[in-house]
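Quick notes on the structure that follows.
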Amino acid sequence: MAPRATKPPTSKAKVVPMGVMPAEWEPHAATWLAFPHNKQDWPGKFGGIPWVWAEIIRHLAPGEIVNLLVNDAASEKKIQRILAAAHVDLTRVVFHRFATDRVWARDFGPIFVRTGAGKKTQISIAGFKFNAWAKYENWKKDTRIAAKAAAAIKVQLLDVQHNGKPVVLEGGSIDVNGQGTILTTEECLLDPKIQVRNAGFSRADYETIFARTLGAKNTLWLGHGIAGDDTHGHVDDLCRFVNESTVVLCQEPDPRDDNYMPLAENWERLEGAKLQDGSALQVVPLPMPRPLYFKGVRVPASYANFYIGNQVVLVPTFNDPRDRTAIGTLQELFPTRQIVGIHAVDLVWGFGTLHCLSQQQPKA
């Protein structure tokens, strides 16, 4: 077991929330996806990737509308044929001809918040920026998607700034319980040298942004993410809220594995963690699949990258004996939803799976 971590200080700044980000399990009006087109994201494996999206949409569509981003009219016609062949109900899919660089809608797509109160409550989009994880050059189309989505569904786009600067924030770097607590990692947001999203931002800066923009005044900081993670520490590959007071946290039993120490240290950080009301956080272990490699590269295979729909929870599977354990754990935690495994051995070669490619739009 890793040595006990020193719990980082938490900012006590008093701020007035601009909005509140609902939890993923709260009722959705829709799910946003972007259909795959960039073959460089899956070199040598792209052929089957569109059919993975078709399967995802087929399972989501009975429970909610799917807002699907496509590059142009020709792409839309081709995608309609793919979805029809996979027996997707096309009346449940709304196509938006918004060109994208890539397809990781969790990170560049609209992050929705509830604003106002009572009968004046409405859904808005928090206008965070996207810069391709401070790593890649192709992001200028993706960073415009939040504004285009706001115009398409006629909701307000909130200008998110801190100290006069636009704020870069990816949806995969955070996870919320909808009641005032948010999860994130130091590796992703506080590393001063590697993939720096907002130069000079401190722990207190981020906590102020979370409180003001997402209604989360209580930040739980984890340490490092998992091996193979191209984003440098996204929390949605290791720890997720499953209800207002419970998270699942990945654990690796093999002390020789690169994930063993970081995940053990994260477990110790959460042992004494408190929620926004001072109550204890409940932590449920979730297994990690065995290390998965392709062309000598370790990919970020993780069961924590599941997506919670209105009727289903979609879980990445990896032809691994631990698939069954992960699905069983999540079925116990989501007894009213169907747990559906989606084969992700090819999908994860793009360095992301189900949560990375989806973004929920809550009901007003």
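By convention here, the chains of the structure tokens are called A, B, ... in the order presented, each chain's residues are numbered starting at 1, and ligands are numbered starting at 1 in the order presented.
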Practice task
Could you give me, as a ChimeraX atom specification, the residues within 9 Å of His162 (chain A), counting only C-alpha atoms and dropping anything in the same chain fewer than 6 positions from it?
Solution key: /A:205,208-209
Restricted to N, CA and C atoms, what would the selected residues look like written as a PDB file, in the first residue's frame?
```pdb
ATOM      1  N   ASP A 205      -7.375  28.797  -7.823  1.00  0.00           N
ATOM      2  CA  ASP A 205      -8.016  29.330  -9.029  1.00  0.00           C
ATOM      3  C   ASP A 205      -9.050  28.346  -9.566  1.00  0.00           C
ATOM      4  N   THR A 208     -12.140  28.099  -7.376  1.00  0.00           N
ATOM      5  CA  THR A 208     -13.016  29.250  -7.573  1.00  0.00           C
ATOM      6  C   THR A 208     -13.837  29.090  -8.856  1.00  0.00           C
ATOM      7  N   ILE A 209     -13.188  28.630  -9.925  1.00  0.00           N
ATOM      8  CA  ILE A 209     -13.894  28.405 -11.194  1.00  0.00           C
ATOM      9  C   ILE A 209     -14.970  27.341 -11.031  1.00  0.00           C
TER      10      ILE A 209
END
```
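For Lys141 (chain A), the list of residues within 8 Å, based on only C-alpha atoms and with local chain neighbours fewer than 4 positions off taken out, reads Ala99, Thr100, Asp101 and Ile145 of chain A.
Looking only at region 52-99 of chain A, the set that DSSP places in alpha helix (DSSP H) from backbone geometry is Val52, Trp53, Ala54, Glu55, Ile56, Ile57, Arg58, His59, Leu60, Ala73, Ala74, Ser75, Glu76, Lys77, Lys78, Ile79, Gln80, Arg81, Ile82, Leu83, Ala84 and Ala85 of chain A.
Using only C-alpha atoms, the nearest neighbour of His28 (chain A) within the list A:Val94, A:Leu263, A:Ile49, A:Ile65 is A:Ile65.
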Exercise for the section: Tell me which protein, DNA and RNA residues are within 12 Å of Ser124 (chain A), counting only C-alpha atoms, leaving out same-chain ones fewer than 5 positions away, and put them as a PyMOL selection string. Expected result: chain A and resi 18-22+110-116+146-147+149-151+153-160+213-214+361-364
Practice task
With a distance cut-off of 7 Å and only C-alpha atoms, select the neighbouring residues of region 340-348 of chain A, excluding the residue or stretch itself and same-chain residues fewer than 6 positions from it, and output the selection as a list of chain:residue names.
Solution key: A:Lys45, A:Ile49, A:Val299, A:Pro300, A:Ala301, A:Val312, A:Val313, A:Leu314, A:Val315, A:Pro316, A:Thr317, A:Phe318
Residue contacts of His37 (chain A) (10 Å, only C-alpha atoms) excluding same-chain residues fewer than 3 positions away, as a short mmCIF file (atom, residue, chain, number, x, y, z; two decimals) with C-alpha atoms, in the first residue's frame:
```cif
data_model
loop_
_atom_site.label_atom_id
_atom_site.label_comp_id
_atom_site.auth_asym_id
_atom_site.auth_seq_id
_atom_site.Cartn_x
_atom_site.Cartn_y
_atom_site.Cartn_z
CA ALA A 34 -19.58 13.39 -32.97
CA GLN A 40 -5.36 9.18 -37.89
CA ASP A 41 -7.00 8.65 -34.49
CA TRP A 42 -7.16 4.89 -35.16
CA PHE A 46 -10.44 2.74 -38.38
CA ILE A 49 -14.88 2.28 -35.62
CA PRO A 50 -18.02 3.78 -37.27
CA VAL A 70 -21.38 15.31 -38.78
CA ASN A 71 -19.02 17.21 -41.06
CA SER A 75 -21.18 12.63 -44.48
CA THR A 100 -15.05 18.73 -36.02
CA ASP A 101 -11.35 17.99 -35.84
CA ARG A 102 -11.88 14.86 -33.79
CA VAL A 103 -14.70 13.11 -31.97
#
```
Hey, could you make a per-residue contact list for region 169-217 of chain A against region 229-234 of chain A with 9 Å as the cut-off, showing the nearest pair of atoms and its distance in Å to one decimal, counting only C-alpha atoms, sorted by chain and number, as a Markdown table?
```
| residue | atom | partner | partner_atom | distance |
| --- | --- | --- | --- | --- |
| A:Glu170 | CA | A:His234 | CA | 8.7 |
| A:Gly171 | CA | A:His234 | CA | 8.9 |
| A:Gly172 | CA | A:His234 | CA | 5.6 |
| A:Ser173 | CA | A:His234 | CA | 4.5 |
| A:Ile174 | CA | A:His234 | CA | 7.4 |
| A:Thr184 | CA | A:His234 | CA | 7.4 |
| A:Thr185 | CA | A:Gly233 | CA | 6.4 |
| A:Glu186 | CA | A:Gly233 | CA | 7.8 |
| A:Glu187 | CA | A:Gly233 | CA | 5.3 |
| A:Cys188 | CA | A:Gly233 | CA | 4.6 |
| A:Leu189 | CA | A:Gly233 | CA | 8.3 |
| A:Ile194 | CA | A:His232 | CA | 7.9 |
| A:Gln195 | CA | A:His232 | CA | 7.1 |
```
Exercise for the section: Apply DSSP to the backbone of this structure and, from region 75-304 of chain A, keep only the residues in strand (DSSP E); write these as a ChimeraX atom specification. Expected result: /A:93-97,111-115,122-127,156-159,161-162,165-166,175-176,181-185,218-222,239-243,246-251,282-287,293-294,297-298
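Among A:His355, A:Lys78, A:Lys295, A:Arg144, the residue with the shortest atom-to-atom distance to Thr31 (chain A), counting only C-alpha atoms, is A:His355.
For the residues A:Ala74, A:Leu330, A:Ala84, A:Val196, ranking by smallest atom-to-atom distance to Trp133 (chain A) using only C-alpha atoms places A:Val196 first.
If you measure from each of A:Asp320, A:Asp175, A:Glu64, A:Glu26 to Phe241 (chain A) using only C-alpha atoms, the closest one turns out to be A:Asp175.
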Exercise for the section: Quote the spacing between CA of Lys77 (chain A) and CA of Asp107 (chain A) in Å to one decimal place. Expected result: 26.1 Å
Problem - Near-Arg58 (chain A) list (9 Å; only C-alpha atoms; drop same-chain fewer than 6 positions) as number ranges by chain - result: A: 83, 86-89
